[in-house]
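Novice: Dropping in entry_21.cif, which is mmCIF, C-alpha atoms:
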data_run
#
loop_
_atom_site.label_atom_id
_atom_site.label_comp_id
_atom_site.auth_asym_id
_atom_site.auth_seq_id
_atom_site.Cartn_x
_atom_site.Cartn_y
_atom_site.Cartn_z
CA MET W 18 62.04 78.82 -9.08
CA ARG W 19 65.51 78.06 -7.86
CA PHE W 20 66.94 74.70 -6.86
CA VAL W 21 69.66 74.99 -4.23
CA ARG W 22 72.25 72.23 -4.18
CA THR W 23 75.09 71.42 -1.78
CA PRO W 24 78.00 69.09 -2.57
CA ALA W 25 77.27 65.38 -2.16
CA ARG W 26 80.14 64.95 0.32
CA ALA W 27 78.72 67.72 2.50
CA LEU W 28 75.35 65.97 2.52
CA LEU W 29 76.92 62.72 3.67
CA VAL W 30 78.82 64.44 6.46
CA ALA W 31 75.69 66.30 7.56
CA ALA W 32 73.68 63.09 7.68
CA ALA W 33 76.34 61.44 9.80
CA ILE W 34 76.12 64.13 12.50
CA GLY W 35 72.34 64.41 12.39
CA SER W 36 72.03 67.90 10.94
CA LEU W 37 71.16 68.97 7.44
CA VAL W 38 73.26 72.07 6.72
CA LEU W 39 71.08 73.10 3.82
CA THR W 40 68.67 75.67 2.52
CA GLY W 41 66.55 73.04 0.84
CA CYS W 42 64.59 72.96 -2.40
CA SER W 43 63.20 76.47 -2.76
CA SER W 44 60.58 78.11 -4.89
CA THR W 45 59.90 81.79 -5.42
CA PRO W 46 56.16 82.10 -4.79
CA GLY W 47 53.90 84.99 -5.68
CA PRO W 48 52.21 87.18 -3.07
CA ALA W 49 51.05 85.37 0.04
CA PRO W 50 47.52 84.06 -0.49
CA SER W 51 44.62 85.44 1.47
CA THR W 52 43.37 83.35 4.36
CA SER W 53 39.87 84.89 4.28
CA SER W 54 36.83 82.78 3.56
CA SER W 55 36.35 84.51 0.20
CA SER W 56 39.59 83.03 -1.16
CA SER W 57 39.56 79.40 -2.23
CA THR W 58 41.23 77.00 -4.62
CA PRO W 59 39.23 75.09 -7.24
CA ALA W 60 37.40 72.01 -5.97
CA VAL W 61 39.32 68.78 -6.57
CA ALA W 62 38.93 65.17 -5.46
CA ALA W 63 40.44 64.99 -1.97
CA PRO W 64 41.33 61.73 -0.23
CA ALA W 65 39.00 60.64 2.53
CA GLY W 66 40.57 61.50 5.88
CA ALA W 67 42.62 64.44 4.59
CA ASP W 68 43.29 67.24 7.06
CA GLY W 69 42.90 70.17 4.69
CA TYR W 70 45.97 69.81 2.47
CA GLY W 71 47.52 67.31 4.83
CA ILE W 72 47.90 63.53 4.93
CA PRO W 73 47.70 62.41 8.58
CA SER W 74 49.11 59.23 10.06
CA GLY W 75 48.70 58.18 13.69
CA THR W 76 46.55 59.40 16.55
CA GLY W 77 49.12 60.60 19.09
CA ALA W 78 48.83 63.85 21.02
CA VAL W 79 52.11 65.28 19.70
CA SER W 80 51.63 67.07 16.38
CA ILE W 81 54.38 66.61 13.80
CA GLU W 82 53.86 68.45 10.53
CA LEU W 83 56.09 68.00 7.50
CA TRP W 84 56.13 70.10 4.33
CA THR W 85 57.89 68.00 1.71
CA ASP W 86 58.38 67.15 -1.95
CA LEU W 87 59.15 63.59 -2.98
CA SER W 88 61.68 64.82 -5.54
CA CYS W 89 63.62 67.01 -3.10
CA PRO W 90 66.99 65.46 -2.13
CA TYR W 91 67.03 67.46 1.10
CA CYS W 92 63.64 66.06 2.06
CA ARG W 93 65.08 62.62 1.49
CA GLN W 94 68.06 63.53 3.61
CA LEU W 95 65.78 64.68 6.43
CA GLU W 96 63.96 61.34 6.21
CA GLU W 97 67.28 59.48 6.40
CA VAL W 98 68.33 61.50 9.46
CA ALA W 99 65.10 61.77 11.45
CA GLY W 100 62.54 59.56 9.73
CA SER W 101 62.95 56.61 12.07
CA VAL W 102 62.37 58.82 15.12
CA ILE W 103 59.18 60.20 13.63
CA THR W 104 57.92 56.83 12.40
CA LYS W 105 58.49 55.23 15.81
CA ALA W 106 56.67 58.08 17.56
CA VAL W 107 53.69 57.57 15.26
CA ALA W 108 53.74 53.77 15.62
CA SER W 109 53.94 53.99 19.42
CA GLY W 110 50.89 56.22 19.60
CA ALA W 111 52.86 59.22 20.86
CA ALA W 112 52.50 61.41 17.76
CA THR W 113 50.43 62.22 14.72
CA LEU W 114 52.38 62.97 11.56
CA THR W 115 50.71 65.19 8.96
CA ILE W 116 52.46 65.32 5.59
CA HIS W 117 51.77 68.41 3.48
CA PRO W 118 52.78 67.50 -0.08
CA LEU W 119 54.29 69.91 -2.59
CA ASN W 120 55.27 69.01 -6.14
CA PHE W 121 57.34 71.83 -7.65
CA VAL W 122 60.72 70.06 -7.56
CA SER W 123 60.11 67.52 -10.34
CA ALA W 124 60.22 70.26 -12.96
CA LYS W 125 63.50 71.58 -11.53
CA HIS W 126 65.01 68.15 -12.11
CA GLY W 127 63.69 67.96 -15.65
CA ASP W 128 61.69 64.93 -14.56
CA THR W 129 59.13 64.04 -17.21
CA THR W 130 57.56 61.33 -15.00
CA ALA W 131 56.14 63.86 -12.47
CA TRP W 132 57.43 61.83 -9.55
CA SER W 133 56.60 64.53 -7.00
CA THR W 134 52.93 64.31 -7.94
CA ARG W 135 52.83 60.54 -8.45
CA GLY W 136 54.47 59.81 -5.11
CA ALA W 137 52.21 62.19 -3.20
CA ASN W 138 49.18 60.78 -5.04
CA ALA W 139 50.13 57.32 -3.77
CA LEU W 140 50.27 58.59 -0.18
CA ALA W 141 46.85 60.19 -0.66
CA ALA W 142 45.56 56.93 -2.12
CA ALA W 143 46.71 55.01 0.94
CA LEU W 144 44.94 57.50 3.19
CA ASP W 145 41.77 57.34 1.12
CA ALA W 146 41.82 53.54 1.29
CA GLY W 147 42.02 53.58 5.10
CA ASP W 148 45.67 52.60 5.50
CA ALA W 149 46.77 55.74 7.35
CA ASP W 150 48.75 53.79 9.96
CA ALA W 151 51.34 52.77 7.36
CA ILE W 152 51.71 56.16 5.69
CA ALA W 153 54.75 57.31 7.70
CA LYS W 154 56.66 54.20 6.62
CA PHE W 155 55.32 54.42 3.06
CA TYR W 156 56.59 57.99 2.82
CA GLY W 157 60.06 56.82 3.86
CA VAL W 158 60.13 54.10 1.21
CA LEU W 159 59.00 56.53 -1.49
CA GLN W 160 61.75 58.98 -0.51
CA GLN W 161 64.33 56.20 -0.84
CA HIS W 162 63.31 55.75 -4.47
CA GLN W 163 63.22 59.30 -5.76
CA THR W 164 63.36 59.77 -9.51
CA MET W 165 66.87 61.03 -10.14
CA ALA W 166 67.95 63.63 -12.69
CA ASP W 167 70.77 61.32 -13.84
CA GLY W 168 68.22 58.78 -15.05
CA GLN W 169 69.25 56.05 -12.64
CA SER W 170 65.81 55.64 -11.09
CA HIS W 171 62.39 56.19 -12.61
CA PRO W 172 59.84 54.20 -10.58
CA THR W 173 56.84 52.91 -12.52
CA ASP W 174 53.31 52.51 -11.17
CA GLU W 175 54.09 48.85 -10.54
CA ASP W 176 57.13 49.93 -8.52
CA VAL W 177 54.94 52.29 -6.48
CA LEU W 178 52.55 49.45 -5.69
CA ALA W 179 55.51 47.29 -4.64
CA PHE W 180 56.76 50.10 -2.39
CA ALA W 181 53.30 50.27 -0.83
CA ALA W 182 53.34 46.55 -0.07
CA GLU W 183 56.85 46.87 1.37
CA ALA W 184 55.60 49.59 3.72
CA GLY W 185 52.66 47.52 4.93
CA ILE W 186 49.88 49.04 2.84
CA THR W 187 47.32 46.25 2.56
CA ALA W 188 44.47 48.13 0.85
CA ASP W 189 44.06 47.98 -2.92
CA ILE W 190 45.30 51.33 -4.22
CA ARG W 191 46.06 50.21 -7.77
CA ASP W 192 43.30 52.17 -9.49
CA ALA W 193 44.10 55.38 -7.60
CA VAL W 194 47.79 55.00 -8.44
CA THR W 195 47.35 54.24 -12.14
CA SER W 196 44.63 56.86 -12.69
CA GLN W 197 46.39 59.50 -10.58
CA ARG W 198 43.08 60.06 -8.82
CA PHE W 199 44.47 62.64 -6.40
CA ALA W 200 46.96 64.40 -8.68
CA GLY W 201 44.75 67.48 -8.82
CA TRP W 202 44.62 67.58 -5.03
CA VAL W 203 48.42 67.42 -4.88
CA ASP W 204 48.62 70.32 -7.37
CA ALA W 205 46.15 72.27 -5.21
CA SER W 206 48.20 71.53 -2.09
CA ASN W 207 51.32 72.93 -3.75
CA GLU W 208 49.44 76.06 -4.85
CA TYR W 209 47.85 76.48 -1.43
CA TRP W 210 51.05 76.22 0.61
CA LEU W 211 53.65 78.13 -1.38
CA GLY W 212 53.78 81.65 0.02
CA ARG W 213 51.49 80.83 2.96
CA THR W 214 52.44 81.35 6.61
CA ILE W 215 52.09 78.23 8.75
CA ALA W 216 49.41 78.82 11.38
CA GLY W 217 50.80 79.65 14.81
CA THR W 218 54.27 80.47 13.47
CA ASP W 219 56.10 83.15 11.50
CA GLN W 220 57.31 80.56 8.99
CA VAL W 221 56.36 81.19 5.38
CA VAL W 222 56.43 78.16 3.10
CA LYS W 223 58.99 79.14 0.46
CA GLY W 224 60.42 75.68 -0.05
CA VAL W 225 60.97 72.28 1.53
CA PRO W 226 61.63 70.54 3.83
CA LEU W 227 59.92 72.22 6.77
CA LEU W 228 59.32 70.37 10.03
CA VAL W 229 57.10 71.64 12.83
CA VAL W 230 56.69 69.74 16.12
CA ASN W 231 53.94 70.96 18.43
CA GLY W 232 54.18 74.45 16.95
CA THR W 233 58.00 74.64 17.04
CA VAL W 234 59.63 75.16 13.65
CA LEU W 235 62.84 73.15 13.66
CA ASP W 236 66.12 74.63 12.47
CA LEU W 237 67.18 71.85 10.12
CA SER W 238 70.73 73.21 9.91
CA ALA W 239 71.22 72.78 13.67
CA PRO W 240 73.13 69.81 15.09
CA ASP W 241 71.27 66.68 16.21
CA VAL W 242 67.92 67.19 14.50
CA PRO W 243 66.65 63.73 15.55
CA GLY W 244 67.60 64.45 19.16
CA THR W 245 65.67 67.73 19.03
CA VAL W 246 62.63 65.93 17.65
CA GLN W 247 62.84 63.35 20.43
CA LYS W 248 63.10 66.05 23.11
CA LEU W 249 60.10 67.93 21.74
CA ILE W 250 58.06 64.72 21.69
CA ALA W 251 59.11 63.75 25.21
CA GLY W 252 58.46 67.22 26.57
CA ALA W 253 55.02 67.63 25.07
#
Any chance you could give the structure as structure tokens?

Specialist:
Amino acid sequence: MRFVRTPARALLVAAAIGSLVLTGCSSTPGPAPSTSSSSSTPAVAAPAGADGYGIPSGTGAVSIELWTDLSCPYCRQLEEVAGSVITKAVASGAATLTIHPLNFVSAKHGDTTAWSTRGANALAAALDAGDADAIAKFYGVLQQHQTMADGQSHPTDEDVLAFAAEAGITADIRDAVTSQRFAGWVDASNEYWLGRTIAGTDQVVKGVPLLVVNGTVLDLSAPDVPGTVQKLIAGA
């Protein structure tokens, strides 16, 4: 696996103009998995309401799909640039956001707290508990508090529960967070997606972030990513 980094100043400039100018956090997967019915991953505990290996939020007609890792700085940058547009579209009833979690980046950071898995597990716990409406916002808060390789931030389970409350999660997800109830499902999601072609597109999941709006794979290095998202939502 290879972690691709751009200078911090370049990231700040990119965020200011609404484009990412990045290749993202990439992994080198094995051969693309079969999509036939004879191929399957081991059974794991999935959150109630999951859409395959997806965590949906909202009920709007516009489909927004996000492939992401909660330890990927470029995923956090995408959230900083376009997250508010997506969250508002979900909250207004215009769109449904489906988050497809991956968890390969923690190891690239040397993170011994497995933040990628723990953060995604918390999102799955919120879905399982029936708090799907707040998941888009919860995801944004979790991205703001990534575990950093420099040791400046290592959120505990108590921190995760505080982030959930901040995002408007009202259900009790403590047990699922502390027991990592859906960690196996997050692992399975990562295994399922890496090397797989996204249905209806030519895009192979080789890394994150990937953003697809109503079947259109966005070029995250293009200018005005949030404006493109808004146009795709409005034109749907």

Novice: Which protein, DNA or RNA residues have an atom at most 10 Å from (64.3, 60.7, -9.4), counting only C-alpha atoms? List them as a ChimeraX atom specification.

Specialist: /W:87-90,123,126-133,160-172

Novice: Take the selection from the previous step and output its residues with C-alpha atoms, as a compact mmCIF listing (two decimals), in the coordinates of the input.

Specialist:
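Saved file again-v3.txt follows:
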# COMPACT_ATOMS: atom_id res chain seq x y z
CA LEU W 87 59.15 63.59 -2.98
CA SER W 88 61.68 64.82 -5.54
CA CYS W 89 63.62 67.01 -3.10
CA PRO W 90 66.99 65.46 -2.13
CA SER W 123 60.11 67.52 -10.34
CA HIS W 126 65.01 68.15 -12.11
CA GLY W 127 63.69 67.96 -15.65
CA ASP W 128 61.69 64.93 -14.56
CA THR W 129 59.13 64.04 -17.21
CA THR W 130 57.56 61.33 -15.00
CA ALA W 131 56.14 63.86 -12.47
CA TRP W 132 57.43 61.83 -9.55
CA SER W 133 56.60 64.53 -7.00
CA GLN W 160 61.75 58.98 -0.51
CA GLN W 161 64.33 56.20 -0.84
CA HIS W 162 63.31 55.75 -4.47
CA GLN W 163 63.22 59.30 -5.76
CA THR W 164 63.36 59.77 -9.51
CA MET W 165 66.87 61.03 -10.14
CA ALA W 166 67.95 63.63 -12.69
CA ASP W 167 70.77 61.32 -13.84
CA GLY W 168 68.22 58.78 -15.05
CA GLN W 169 69.25 56.05 -12.64
CA SER W 170 65.81 55.64 -11.09
CA HIS W 171 62.39 56.19 -12.61
CA PRO W 172 59.84 54.20 -10.58

Novice: Pick the closest to Thr113 of chain W from W:Leu159, W:Leu227, W:Ile81, W:Ile186: which is it, counting all atoms listed in the file?

Specialist: W:Ile81

Novice: Assuming the chain letters and numbering stay as they are in my file, what does the PyMOL selection byres ((chain W and resi 230-239) around 12) actually select? List them as JSON, numbers by chain.

Specialist: {"W": [28, 31, 32, 34, 35, 36, 37, 38, 39, 40, 41, 77, 78, 79, 80, 81, 82, 83, 84, 91, 92, 94, 95, 96, 98, 99, 103, 106, 112, 113, 114, 115, 214, 215, 216, 217, 218, 219, 220, 221, 222, 225, 226, 227, 228, 229, 240, 241, 242, 243, 244, 245, 246, 247, 248, 249, 250, 251, 252, 253]}

Novice: Identify which of the residues W:Ala146, W:Ala139, W:Ala200, W:Ala205 lies closest to Ala181 of chain W, counting only C-alpha atoms when measuring atom-to-atom distances.

Specialist: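 Of W:Ala146, W:Ala139, W:Ala200, W:Ala205, the one nearest Ala181 of chain W is W:Ala139, counting only C-alpha atoms.
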
Novice: What does the structure give for the distance between atom CA of Arg198 of chain W and atom CA of Lys223 of chain W, in Å to one decimal?

Specialist: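 For atom CA of Arg198 of chain W relative to atom CA of Lys223 of chain W, the distance reads 26.5 Å.
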
Novice: Near Tyr156 of chain W, within 9 Å and counting only C-alpha atoms, which residues show up once chain neighbours fewer than 6 positions away are dropped, as a count of residues only?

Specialist: 7
